[in-house]
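See structure below.
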Amino acid sequence: MAGNPKITFIGAGSTVFMKNIIGDVLQRPALSGATIALMDLNPQRLEESAIVVNKLISTLGVKAKAETYSDQRKALAGADFVVVAFQIGGYEPCTVTDFEVPKKYGLRQTIADTLGVGGIMRGLRTVPHLWKVCEDMLAVCPEAIMLQYVNPMAINTWAIAEKYPTIRQVGLCHSVQGTAMELAHDLDIPYEEIRYRAAGINHMAFYLKFEHRQADGSYRNLYPDLLRAYREGRAPKPGWNPRCPNKVRYEMLTRLGYFVTESSEHFAEYTPYFIKEGRDDLIEKFGIPLDEYPKRCIEQIERWKGQAEAYRSADKIEVTPSKEYASSIINSVWTGEPSVIYGNVRNNGCITSLPENCAAEVPCLVDASGIQPTFIGDLPPQLTALMRTNINVQELTVQALMTENREHIYHAAMMDPHTAAELDLDQIWSLVDDLLAAHGDWLPEWART
């Protein structure tokens with residue numbers, strides 16, 4: 001397309017994340033003159049983000065310009081791309097509630113942002129705000145593409161497709177490419193020499209192929225090497241976070257024959273096998289980091305204080321490419337130069353063994369026509385079966401939101417693999433009551449009464 005794109009960032013106060021995305025965008029020649037519209041409800045965070053963007057622009061010497069808004073619809077007017085990155089209810093009070101209330105019932109979680117009672121509550125808090133973005137987009141930029149970086153990703157993507165089917169949207173996560181990099185590192189193979197194909201649902205997609213390109217141009221299956229490395233204690237290698245040794249996923253590889261794309265700390269709470277009351281031996285053996293997400297939140301808040309000061313006083317801001325897909329999507333749609341990304345979209349038959357209307361994570365071709373998901377077919381039956389246990393929870397949460405039927409919130413919790421493994425029905429009902437009461441005004445009216 002001629003001219004320069006307008007990219008609106010809703011939740012621009014997620015400054016570090018916004019900096020990575022906009023830094024990637026501005027380094028692409030076709031996008032370097034973009035208008036960056038930043039919108040956030042927190043005036044201080046918005047101002048900090050504007051400082052960062054303006055310093056990125058001057059560091060890179062590009063012609064882009066930044067605008068700030070507190071009004072969402074005004075920020076969206078005429079946008080070509082809409083990046084959404086917000087957390088409704090923040091670390092305090094909402095994340096704290098999602099962890100502390102279940103703990104009283106002996107129900108422990110690691111991350112609680114995708115599935116489980118924490119993920120269900122986060123979905124109920126978040127979807128109404130995403131729907132509001134969709135409503136505003138239909139009014140002032142109906143053709144724009146929404147790049148949605150908000151958790152719980154699968155519930156959000158599903159709920160948007162259900163209520164606003166004409167919105168062009170994709171849910172984005174970095175676990176597919178991130179895990180592929182980790183596995184390459186575990187095997188001491190350069191990431192550039194790896195070829196993979198993954199599919200499933202967000203946070204529970206699996207590498208259907210994971211291969212190493214050989215000198216003669218052929219490819220070698222790396223699954224036997226991963227299994228051997230795990231059995232011999234060479235993998236997983238220590239990662240960025242000493243609290244999370246990544247053993248759960250390797251253990252699941254030995255049982256399922258495939259490696260999952262989302263971290264061990266997440267995966268431990270999507271299944272009933274690892275976190276069990278009175279089984280400290282499992283927590284110990286697999287290094288399960290209970291209450292991991294609140295710890296990260298506190299560390300991030302601390303880090304940000306120093307970071308904000310540093311950005312404020314810096315003349316230049318160092319820009320290194322991130323592993324997020326946003327800039328390659330925007331570049332491909334804008335220039336027509338094709339790329340392939342992993343995106344979360346309405347399944348629509350891409351994965352034939354999963355429901356038509358669920359949110360699937362599949363390879364997508366991106367070009368001037370937009371985001372085009374590719375066909376996968378049936379998944380191995382054991383992977384399909386495991387995903388369905390998570391899809392049940394997502395589907396019932398979306399049903400609760402669509403029909404405003406409070407009963408389905410309880411049904412969603414009742415179907416959750418980890419919750420069901422730990423609590424009886426009376427406890428589940430009572431826990432949901434307590435969570436709804438504790439969240440109060442953060443939830444839509446129908447869910448509270």
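By convention here, the chains of the structure tokens are called A, B, ... in the order presented, each chain's residues are numbered starting at 1, and ligands are numbered starting at 1 in the order presented.
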
May I have the residues within 8 Å of Arg108 of chain A as a list in words, using only C-alpha atoms and disregarding those fewer than 5 positions away in the same chain? Phe99, Pro102, Lys103, Ile275, Leu290 and Asp291 of chain A

Mind writing the picked residues with C-alpha atoms as a JSON list (two decimals), in the first residue's frame?
```
[["chain", "number", "residue", "atom", "x", "y", "z"],
["A", 99, "PHE", "CA", -4.17, -17.08, 43.53],
["A", 102, "PRO", "CA", -8.21, -20.91, 45.54],
["A", 103, "LYS", "CA", -5.34, -21.45, 48.01],
["A", 275, "ILE", "CA", 0.15, -30.45, 41.15],
["A", 290, "LEU", "CA", 3.89, -22.82, 42.60],
["A", 291, "ASP", "CA", 2.77, -19.17, 42.74]]
```

Compile the contact shell of Ala205 of chain A as a list in words: residues with an atom at most 6 Å away, counting only C-alpha atoms, same-chain residues fewer than 6 positions apart removed.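 Counting only the stated atoms, we get Ala199, Val260 and Thr261 of chain A.
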
Could you write out that same residue set with N, CA, C and O atoms as a PDB file, in the first residue's frame?
```pdb
ATOM      1  N   ALA A 199       0.985 -27.277  15.755  1.00  0.00           N
ATOM      2  CA  ALA A 199      -0.451 -26.971  15.669  1.00  0.00           C
ATOM      3  C   ALA A 199      -1.131 -27.429  16.949  1.00  0.00           C
ATOM      4  O   ALA A 199      -0.631 -28.309  17.652  1.00  0.00           O
ATOM      5  N   VAL A 260       5.353 -30.097  23.666  1.00  0.00           N
ATOM      6  CA  VAL A 260       4.366 -29.017  23.695  1.00  0.00           C
ATOM      7  C   VAL A 260       5.065 -27.649  23.666  1.00  0.00           C
ATOM      8  O   VAL A 260       6.196 -27.521  24.152  1.00  0.00           O
ATOM      9  N   THR A 261       4.379 -26.669  23.097  1.00  0.00           N
ATOM     10  CA  THR A 261       5.024 -25.374  22.850  1.00  0.00           C
ATOM     11  C   THR A 261       5.017 -24.416  24.032  1.00  0.00           C
ATOM     12  O   THR A 261       5.744 -23.432  24.023  1.00  0.00           O
TER      13      THR A 261
END
```

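Closest approach to Arg213 of chain A among A:Ala79, A:Val398, A:Leu227, A:Ile189: A:Ile189, based on only C-alpha atoms.
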
Write down as number ranges by chain the residues belonging to segment 275-348 of chain A that are assigned strand (DSSP E or B) by DSSP computed on the backbone. A: 339-346

Can you write just those residues out, N, CA, C and O atoms, as a compact mmCIF listing (two decimals), in the first residue's frame?
```
# COMPACT_ATOMS: atom_id res chain seq x y z
N SER A 339 4.95 -13.69 4.55
CA SER A 339 5.66 -14.29 5.68
C SER A 339 4.77 -15.37 6.28
O SER A 339 3.58 -15.45 5.96
N VAL A 340 5.35 -16.19 7.15
CA VAL A 340 4.57 -17.22 7.83
C VAL A 340 4.70 -16.97 9.34
O VAL A 340 5.80 -16.75 9.85
N ILE A 341 3.57 -16.98 10.02
CA ILE A 341 3.58 -16.79 11.47
C ILE A 341 2.73 -17.90 12.10
O ILE A 341 2.01 -18.61 11.38
N TYR A 342 2.79 -18.03 13.40
CA TYR A 342 1.85 -18.90 14.12
C TYR A 342 0.83 -18.00 14.78
O TYR A 342 1.19 -17.11 15.55
N GLY A 343 -0.45 -18.23 14.44
CA GLY A 343 -1.50 -17.36 14.97
C GLY A 343 -2.66 -18.15 15.53
O GLY A 343 -2.88 -19.31 15.18
N ASN A 344 -3.41 -17.49 16.42
CA ASN A 344 -4.63 -18.07 16.99
C ASN A 344 -5.82 -17.47 16.27
O ASN A 344 -5.99 -16.25 16.26
N VAL A 345 -6.61 -18.36 15.66
CA VAL A 345 -7.74 -17.94 14.82
C VAL A 345 -8.90 -18.91 15.05
O VAL A 345 -8.70 -19.98 15.62
N ARG A 346 -10.07 -18.56 14.57
CA ARG A 346 -11.18 -19.52 14.62
C ARG A 346 -10.78 -20.74 13.78
O ARG A 346 -10.31 -20.59 12.66
```

Apply DSSP to the structure's backbone, then extract all residues of segment 49-79 of chain A labelled alpha helix (DSSP H) and return them as a list in words.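 Selection result, alpha helix (DSSP H) within segment 49-79 of chain A: Ser49, Ala50, Ile51, Val52, Val53, Asn54, Lys55, Leu56, Ile57, Ser58, Thr59, Leu60, Gln72, Arg73, Lys74, Ala75 and Leu76 of chain A.
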
Measuring between only C-alpha atoms, which one of A:Glu182, A:Asp40, A:Asp80, A:Asp416 shows the shortest distance to Glu262 of chain A?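 Selected residue with least distance to Glu262 of chain A: A:Glu182.
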
Which residues come within 12 Å of Cys94 of chain A, counting only C-alpha atoms, excluding same-chain residues fewer than 4 positions away, as a list in words?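 Within the cut-off, the hits are Gln87, Ile88, Gly89, Gly90, Asp98, Phe99, Glu100, Val101, Ala112, Asp113, Gly118, Gly119, Met121, Arg122, Gly123, Leu124, Arg125, Thr126, Pro294, Cys297, Leu435, Leu436, Ala437, Ala438, His439, Gly440, Asp441, Trp442 and Leu443 of chain A.
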
Since we have the selection now, will you write its residues out, keeping N, CA and C atoms, as a PDB file, in the first residue's frame?
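Output (out06.pdb):
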```pdb
ATOM      1  N   GLN A  87      -4.015  -5.766  30.699  1.00  0.00           N
ATOM      2  CA  GLN A  87      -4.368  -6.743  31.721  1.00  0.00           C
ATOM      3  C   GLN A  87      -5.420  -6.093  32.607  1.00  0.00           C
ATOM      4  N   ILE A  88      -6.647  -6.582  32.504  1.00  0.00           N
ATOM      5  CA  ILE A  88      -7.738  -5.993  33.279  1.00  0.00           C
ATOM      6  C   ILE A  88      -7.612  -6.418  34.745  1.00  0.00           C
ATOM      7  N   GLY A  89      -7.530  -5.435  35.617  1.00  0.00           N
ATOM      8  CA  GLY A  89      -7.431  -5.742  37.043  1.00  0.00           C
ATOM      9  C   GLY A  89      -6.016  -5.905  37.558  1.00  0.00           C
ATOM     10  N   GLY A  90      -5.031  -5.938  36.619  1.00  0.00           N
ATOM     11  CA  GLY A  90      -3.631  -5.907  37.001  1.00  0.00           C
ATOM     12  C   GLY A  90      -3.198  -7.001  37.972  1.00  0.00           C
ATOM     13  N   ASP A  98      -6.922 -14.186  42.197  1.00  0.00           N
ATOM     14  CA  ASP A  98      -6.956 -15.458  41.460  1.00  0.00           C
ATOM     15  C   ASP A  98      -6.081 -16.528  42.104  1.00  0.00           C
ATOM     16  N   PHE A  99      -5.048 -16.112  42.841  1.00  0.00           N
ATOM     17  CA  PHE A  99      -4.171 -17.076  43.526  1.00  0.00           C
ATOM     18  C   PHE A  99      -4.595 -17.333  44.967  1.00  0.00           C
ATOM     19  N   GLU A 100      -4.919 -16.267  45.693  1.00  0.00           N
ATOM     20  CA  GLU A 100      -5.127 -16.402  47.137  1.00  0.00           C
ATOM     21  C   GLU A 100      -6.435 -17.108  47.494  1.00  0.00           C
ATOM     22  N   VAL A 101      -7.522 -16.813  46.749  1.00  0.00           N
ATOM     23  CA  VAL A 101      -8.815 -17.433  47.086  1.00  0.00           C
ATOM     24  C   VAL A 101      -8.765 -18.961  46.868  1.00  0.00           C
ATOM     25  N   ALA A 112      -1.891 -19.301  36.205  1.00  0.00           N
ATOM     26  CA  ALA A 112      -3.314 -18.936  36.352  1.00  0.00           C
ATOM     27  C   ALA A 112      -3.798 -17.826  35.425  1.00  0.00           C
ATOM     28  N   ASP A 113      -3.262 -17.768  34.201  1.00  0.00           N
ATOM     29  CA  ASP A 113      -3.730 -16.701  33.295  1.00  0.00           C
ATOM     30  C   ASP A 113      -4.410 -17.243  32.047  1.00  0.00           C
ATOM     31  N   GLY A 118      -8.236 -19.462  37.697  1.00  0.00           N
ATOM     32  CA  GLY A 118      -7.628 -18.156  37.428  1.00  0.00           C
ATOM     33  C   GLY A 118      -7.863 -17.707  35.992  1.00  0.00           C
ATOM     34  N   GLY A 119      -7.690 -18.634  35.050  1.00  0.00           N
ATOM     35  CA  GLY A 119      -7.898 -18.304  33.633  1.00  0.00           C
ATOM     36  C   GLY A 119      -9.352 -17.978  33.325  1.00  0.00           C
ATOM     37  N   MET A 121     -11.594 -16.691  35.419  1.00  0.00           N
ATOM     38  CA  MET A 121     -11.880 -15.356  35.959  1.00  0.00           C
ATOM     39  C   MET A 121     -11.246 -14.259  35.098  1.00  0.00           C
ATOM     40  N   ARG A 122     -10.043 -14.533  34.640  1.00  0.00           N
ATOM     41  CA  ARG A 122      -9.374 -13.539  33.792  1.00  0.00           C
ATOM     42  C   ARG A 122     -10.155 -13.343  32.494  1.00  0.00           C
ATOM     43  N   GLY A 123     -10.683 -14.444  31.955  1.00  0.00           N
ATOM     44  CA  GLY A 123     -11.505 -14.353  30.747  1.00  0.00           C
ATOM     45  C   GLY A 123     -12.750 -13.522  30.968  1.00  0.00           C
ATOM     46  N   LEU A 124     -13.415 -13.744  32.093  1.00  0.00           N
ATOM     47  CA  LEU A 124     -14.646 -12.985  32.397  1.00  0.00           C
ATOM     48  C   LEU A 124     -14.354 -11.498  32.561  1.00  0.00           C
ATOM     49  N   ARG A 125     -13.186 -11.169  33.108  1.00  0.00           N
ATOM     50  CA  ARG A 125     -12.812  -9.760  33.288  1.00  0.00           C
ATOM     51  C   ARG A 125     -12.422  -9.105  31.967  1.00  0.00           C
ATOM     52  N   THR A 126     -11.808  -9.899  31.087  1.00  0.00           N
ATOM     53  CA  THR A 126     -11.107  -9.339  29.931  1.00  0.00           C
ATOM     54  C   THR A 126     -11.966  -9.220  28.679  1.00  0.00           C
ATOM     55  N   PRO A 294       2.679 -14.509  40.419  1.00  0.00           N
ATOM     56  CA  PRO A 294       2.795 -13.361  41.331  1.00  0.00           C
ATOM     57  C   PRO A 294       4.249 -12.954  41.580  1.00  0.00           C
ATOM     58  N   CYS A 297       5.345 -10.974  38.638  1.00  0.00           N
ATOM     59  CA  CYS A 297       4.712  -9.644  38.632  1.00  0.00           C
ATOM     60  C   CYS A 297       5.474  -8.690  39.547  1.00  0.00           C
ATOM     61  N   LEU A 435     -14.724 -16.439  44.444  1.00  0.00           N
ATOM     62  CA  LEU A 435     -13.972 -15.670  43.443  1.00  0.00           C
ATOM     63  C   LEU A 435     -14.833 -14.568  42.833  1.00  0.00           C
ATOM     64  N   LEU A 436     -16.089 -14.905  42.504  1.00  0.00           N
ATOM     65  CA  LEU A 436     -16.988 -13.883  41.919  1.00  0.00           C
ATOM     66  C   LEU A 436     -17.197 -12.740  42.907  1.00  0.00           C
ATOM     67  N   ALA A 437     -17.368 -13.086  44.176  1.00  0.00           N
ATOM     68  CA  ALA A 437     -17.576 -12.054  45.202  1.00  0.00           C
ATOM     69  C   ALA A 437     -16.311 -11.203  45.361  1.00  0.00           C
ATOM     70  N   ALA A 438     -15.149 -11.865  45.391  1.00  0.00           N
ATOM     71  CA  ALA A 438     -13.885 -11.142  45.606  1.00  0.00           C
ATOM     72  C   ALA A 438     -13.560 -10.207  44.440  1.00  0.00           C
ATOM     73  N   HIS A 439     -13.884 -10.612  43.210  1.00  0.00           N
ATOM     74  CA  HIS A 439     -13.590  -9.755  42.052  1.00  0.00           C
ATOM     75  C   HIS A 439     -14.570  -8.587  41.920  1.00  0.00           C
ATOM     76  N   GLY A 440     -15.787  -8.771  42.413  1.00  0.00           N
ATOM     77  CA  GLY A 440     -16.754  -7.667  42.432  1.00  0.00           C
ATOM     78  C   GLY A 440     -16.852  -6.916  41.111  1.00  0.00           C
ATOM     79  N   ASP A 441     -16.614  -5.603  41.176  1.00  0.00           N
ATOM     80  CA  ASP A 441     -16.809  -4.711  40.023  1.00  0.00           C
ATOM     81  C   ASP A 441     -15.889  -4.981  38.841  1.00  0.00           C
ATOM     82  N   TRP A 442     -14.843  -5.792  39.017  1.00  0.00           N
ATOM     83  CA  TRP A 442     -13.995  -6.111  37.885  1.00  0.00           C
ATOM     84  C   TRP A 442     -14.724  -7.028  36.893  1.00  0.00           C
ATOM     85  N   LEU A 443     -15.807  -7.648  37.334  1.00  0.00           N
ATOM     86  CA  LEU A 443     -16.545  -8.589  36.489  1.00  0.00           C
ATOM     87  C   LEU A 443     -17.776  -7.913  35.901  1.00  0.00           C
TER      88      LEU A 443
END
```
